[in-house]
Every structure is written in C-alpha cells, then in structure tokens.
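Notes follow once the structure below has been shown.
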Amino acid sequence: MIKPLCDNTSAQIGIEDEPMPELPEVETIARGLAKRVTGDIIESVWLGKKKEPLKSPAPEIAATLENSRIVAVRRIGKHIVFDLDRVASSPANGRAGRRRSKRDYASQRASSNAEAGASSTQAAQWIVHLGMTGRVQVCEPQTEVEKHTHAILRLSSGRELRFVDPRRFGRLSVAPAADFEATGVEPLEIDLDPFVTLFWGRNTPIKSALLNQKLLRGVGNIYADESLFRAGIRPRRRAATISREQLAKLHASVRQVLKEAIALGGSSISDYVDANGDEGFFQLQHRVYGREGEPCLVCKTPIKRVVIAGRSSHYCPKCQK
Ligand SMILES: [Zn+2]
C-alpha cells in the first residue's frame, strides 16, 4: 500500500518534521527529468526576484545555463544534478519554439557527439536542491505559470523547465567547472565494511549518525526511522555500542528501504515532474514513522515517539533494542 506523503500529521509534530523529499523521491524525480529533457538545449533563462532560491548569483546561473545542452540528469545525495555541455553558439534549429521529434533529437545528439572531439564544449552543472516544497516541472509554454515560480528555462524543444517552490527552502546553483561534490557517501553504494567504520567510536545516537550528511548522504528522517525499525535498533542507541552484526542488519535495511521506495516512486514518475500531474510523493507505507501510539505491525506494542536532535523519532519499544 502506498500513502501520499503530503497527507501527513506534520501539523502535530512540528515544522522541522514536515515531510520533504528524501533520497528516493529525489532519485525518482531525477530519473523522470532525465527521461524528459536529456539532449535538450537550454536557450534562455528567466529568474525570479526572490533571492533565497538562488544559491549562485543570478547572472552566473543565467550565463552557465544559457546555450547549454543537458547531457544527463542524476541524483547526487539529495541534489538533482543536470550535467551540461556549453555549446559555443546557439543551435541553428529549434528557435522560436519549434517543436522537434525525438528522432530529431537523436540525430542532433549524434552529430554533436561527433563534433565533440573537434570543437570545444565545456562541461558545467546545474544543481537543484528541492528543500521542502520545491518542484521541477517540465511544461508546454502555454501552461499557466504557477505562483512561487522562481526559474523558467526555455528549451529548444519548445518546452520549459520550471522551478516552483512556495516555502523557498529549495536552492538553485551552478558549478561552471562541473565540480559539484556532495558530502558523505552514497548509502546505496557503500559496502558493509566502510559502512561499519562510519559509526566507529561515535557516541551520538545512531539516529543522529544516520542523519549526518557527512557520513551518509541523503538519508532523511523518515527512512532513518524505517531502517532502524527493520534492523531492530532503537534510535537512541549510541552508534559505537552497536555490534557489527547489528550494523550489518542496518546496512541491509537502509538499502532495502531506499530501494523499495525508489521502486514505488518509479511507477509514478509523471506525478513528480509533469506540471499537471498529481502532486505529492508516493512512498512506502510507514511501519513506524508518524505512527505514534498506533500498534506495531509486528507485535502490536504502541509505537513510541522521542525527539532526538530536534527531530521526531519513532520506534517500537519491543522490537527495537
Ligand atoms: Zn514491535
């Protein structure tokens, strides 16, 4: 069963616990965007007047994005990264919103790849962090521009990429030298041994360690709680006191929870990036997160909630030790 993330009890548990896109949602969004805009060229950029969403200066964002080809879209941590190739001059075709077929793109891409060896294209990156309420839309230009739209990228396909964010915790930046690096390691890529050593000698609660972006990147509050439940570890346990065997369970459960959520998201990609799609994230049914007082799905004991480092943590006092 899946449950929309927006339909949540955030009002009761405080603003810092409002649902926000975590690694699986960002992965899903990046995949959806990759399908839609890879190969397209950013012809012009409009940026709104609000300063908060712009982490790089507006002129630098515009200069980096304009006349750049989107060669890939991928997730790094909780960031959506657009890999760009700066093209020397404006494309000959595709002006004035002329729409082209996928075949046109393919041939255009093929020819540009062939040229790539000779002409000098310069790699750059556009980095989007969605914050709490940020969304990236792929729309037809006639689609009404929503309130709280902070950036519009006009594409050579005639479509537009728009960044919408009512709460303005999201951030747009560029790396003109394509050198963006997120801290921490990818939870889906780390092997057991390095995973275990992440927690060596750490006297912080395991929950805080899981949320520490310098250790693992992209694990947020919800999936940390769900992973700890599956591994049978209480969120307050000191990281250093957890046995290798238990950490092995945690290593497996973190990956399992994230992969299941990504698989679920994959079936509703259009919901995330199409302007007229149903908004909201679809994800795993939570076993503990947001279920304070409700019976544990395994042993019926009421789920407990504690606050660790200012964030709500949910656990079963019987199943988790
Ligand atoms: Zn239980």
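FYI, nothing fancy with the structure tokens labels: chains A, B, ... in order, residues from 1 per chain, ligands from 1 as they appear.
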key: Surroundings of ligand 1 up to 6 Å, based on only C-alpha atoms and all ligand atoms, as a list in words   = Cys296, Val298, Cys299, Thr301, Cys316, Lys318 and Cys319 of chain A
Using all heavy atoms, can you export the residues from the last selection as a PDB file, in the first residue's frame?
ATOM      1  N   CYS A 296       2.340  -1.569  16.808  1.00  0.00           N
ATOM      2  CA  CYS A 296       3.422  -2.062  15.955  1.00  0.00           C
ATOM      3  C   CYS A 296       2.847  -3.116  15.008  1.00  0.00           C
ATOM      4  O   CYS A 296       2.038  -3.955  15.411  1.00  0.00           O
ATOM      5  CB  CYS A 296       4.509  -2.677  16.838  1.00  0.00           C
ATOM      6  SG  CYS A 296       5.762  -3.594  15.899  1.00  0.00           S
ATOM      7  N   VAL A 298       4.275  -5.566  13.847  1.00  0.00           N
ATOM      8  CA  VAL A 298       4.802  -6.902  14.136  1.00  0.00           C
ATOM      9  C   VAL A 298       4.248  -7.438  15.454  1.00  0.00           C
ATOM     10  O   VAL A 298       3.757  -8.555  15.525  1.00  0.00           O
ATOM     11  CB  VAL A 298       6.349  -6.879  14.179  1.00  0.00           C
ATOM     12  CG1 VAL A 298       6.907  -8.224  14.639  1.00  0.00           C
ATOM     13  CG2 VAL A 298       6.916  -6.483  12.822  1.00  0.00           C
ATOM     14  N   CYS A 299       4.312  -6.609  16.540  1.00  0.00           N
ATOM     15  CA  CYS A 299       3.994  -7.139  17.875  1.00  0.00           C
ATOM     16  C   CYS A 299       2.839  -6.417  18.574  1.00  0.00           C
ATOM     17  O   CYS A 299       2.528  -6.719  19.717  1.00  0.00           O
ATOM     18  CB  CYS A 299       5.246  -7.073  18.753  1.00  0.00           C
ATOM     19  SG  CYS A 299       5.644  -5.384  19.266  1.00  0.00           S
ATOM     20  N   THR A 301       2.647  -3.678  20.043  1.00  0.00           N
ATOM     21  CA  THR A 301       3.025  -2.699  21.071  1.00  0.00           C
ATOM     22  C   THR A 301       2.859  -1.291  20.480  1.00  0.00           C
ATOM     23  O   THR A 301       3.224  -1.067  19.331  1.00  0.00           O
ATOM     24  CB  THR A 301       4.508  -2.908  21.471  1.00  0.00           C
ATOM     25  OG1 THR A 301       4.669  -4.260  21.890  1.00  0.00           O
ATOM     26  CG2 THR A 301       4.935  -1.970  22.594  1.00  0.00           C
ATOM     27  N   CYS A 316       9.478   0.978  17.892  1.00  0.00           N
ATOM     28  CA  CYS A 316       8.721   0.022  18.696  1.00  0.00           C
ATOM     29  C   CYS A 316       9.596  -0.375  19.879  1.00  0.00           C
ATOM     30  O   CYS A 316      10.691  -0.922  19.683  1.00  0.00           O
ATOM     31  CB  CYS A 316       8.363  -1.217  17.872  1.00  0.00           C
ATOM     32  SG  CYS A 316       7.685  -2.535  18.929  1.00  0.00           S
ATOM     33  N   LYS A 318       9.420  -2.760  21.821  1.00  0.00           N
ATOM     34  CA  LYS A 318       9.630  -4.191  21.981  1.00  0.00           C
ATOM     35  C   LYS A 318      10.519  -4.757  20.874  1.00  0.00           C
ATOM     36  O   LYS A 318      11.447  -5.526  21.151  1.00  0.00           O
ATOM     37  CB  LYS A 318       8.267  -4.922  21.982  1.00  0.00           C
ATOM     38  CG  LYS A 318       8.379  -6.350  22.483  1.00  0.00           C
ATOM     39  CD  LYS A 318       7.016  -6.946  22.699  1.00  0.00           C
ATOM     40  CE  LYS A 318       7.137  -8.440  22.976  1.00  0.00           C
ATOM     41  NZ  LYS A 318       5.841  -9.111  22.841  1.00  0.00           N
ATOM     42  N   CYS A 319      10.259  -4.372  19.652  1.00  0.00           N
ATOM     43  CA  CYS A 319      11.018  -4.933  18.529  1.00  0.00           C
ATOM     44  C   CYS A 319      12.417  -4.319  18.414  1.00  0.00           C
ATOM     45  O   CYS A 319      13.309  -4.914  17.793  1.00  0.00           O
ATOM     46  CB  CYS A 319      10.279  -4.702  17.211  1.00  0.00           C
ATOM     47  SG  CYS A 319       8.735  -5.590  17.077  1.00  0.00           S
TER      48      CYS A 319
END
query = If you count only C-alpha atoms, which residues fall within 9 Å of Val37 of chain A, apart from same-chain ones fewer than 4 positions away, as a list in words?
reply = Gly32, Leu33, Ile41, Ile70, Val71, Ala72, Val73, Val138, Leu155, Ser157 and Leu161 of chain A
task = For atom CA of Ser312 of chain A and atom CA of Tyr223 of chain A, determine how far apart the two atoms are, in Å to one decimal place.
result = 12.2 Å
Neighbours of segment 250-255 of chain A within 6 Å (only C-alpha atoms; same-chain residues fewer than 4 positions away dropped), as a tab-separated table (two decimals) with N, CA, C and O atoms, in the first residue's frame?
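Saved result, result_14.tsv, follows:
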chain	number	residue	atom	x	y	z
A	188	LEU	N	23.41	3.78	-1.09
A	188	LEU	CA	23.13	2.65	-1.97
A	188	LEU	C	24.41	2.05	-2.56
A	188	LEU	O	24.36	1.01	-3.20
A	227	SER	N	14.41	2.34	8.61
A	227	SER	CA	15.56	1.43	8.55
A	227	SER	C	15.90	0.88	9.93
A	227	SER	O	16.19	-0.31	10.08
A	231	ALA	N	15.89	-3.00	11.26
A	231	ALA	CA	17.12	-3.59	11.80
A	231	ALA	C	16.99	-3.93	13.27
A	231	ALA	O	17.88	-4.56	13.85
A	259	LYS	N	15.63	1.31	-1.66
A	259	LYS	CA	15.36	0.69	-2.96
A	259	LYS	C	13.86	0.44	-3.16
A	259	LYS	O	13.34	0.63	-4.25
Go through segment 143-210 of chain A residue by residue and, counting only C-alpha atoms, keep those with an atom at most 10 Å from segment 75-90 of chain A; for each kept residue give the shortest atom pair and its distance in Å to one decimal, ordered by chain and increasing number, as JSON lines.
{"residue": "A:Ser156", "atom": "CA", "partner": "A:Ser90", "partner_atom": "CA", "distance": 9.7}
{"residue": "A:Arg171", "atom": "CA", "partner": "A:His79", "partner_atom": "CA", "distance": 9.4}
{"residue": "A:Leu172", "atom": "CA", "partner": "A:Ile80", "partner_atom": "CA", "distance": 9.8}
{"residue": "A:Ser173", "atom": "CA", "partner": "A:Val81", "partner_atom": "CA", "distance": 9.8}
{"residue": "A:Val174", "atom": "CA", "partner": "A:Val81", "partner_atom": "CA", "distance": 9.3}
{"residue": "A:Ala175", "atom": "CA", "partner": "A:Asp83", "partner_atom": "CA", "distance": 9.6}
{"residue": "A:Pro176", "atom": "CA", "partner": "A:Leu84", "partner_atom": "CA", "distance": 9.2}
{"residue": "A:Ala178", "atom": "CA", "partner": "A:Asp83", "partner_atom": "CA", "distance": 7.5}
{"residue": "A:Phe180", "atom": "CA", "partner": "A:Val81", "partner_atom": "CA", "distance": 8.5}
{"residue": "A:Glu181", "atom": "CA", "partner": "A:Ile76", "partner_atom": "CA", "distance": 7.9}
{"residue": "A:Ala182", "atom": "CA", "partner": "A:Gly77", "partner_atom": "CA", "distance": 6.3}
{"residue": "A:Thr183", "atom": "CA", "partner": "A:Gly77", "partner_atom": "CA", "distance": 8.0}
{"residue": "A:Gly184", "atom": "CA", "partner": "A:Gly77", "partner_atom": "CA", "distance": 8.2}
{"residue": "A:Val185", "atom": "CA", "partner": "A:Gly77", "partner_atom": "CA", "distance": 8.2}
{"residue": "A:Glu186", "atom": "CA", "partner": "A:Gly77", "partner_atom": "CA", "distance": 6.7}
{"residue": "A:Pro187", "atom": "CA", "partner": "A:Gly77", "partner_atom": "CA", "distance": 8.9}
task = Give the helix (DSSP H, G or I) residues of segment 174-235 of chain A, as DSSP finds them on the backbone, and put them as a ChimeraX atom specification.
result = /A:192-198,206-211,221-231
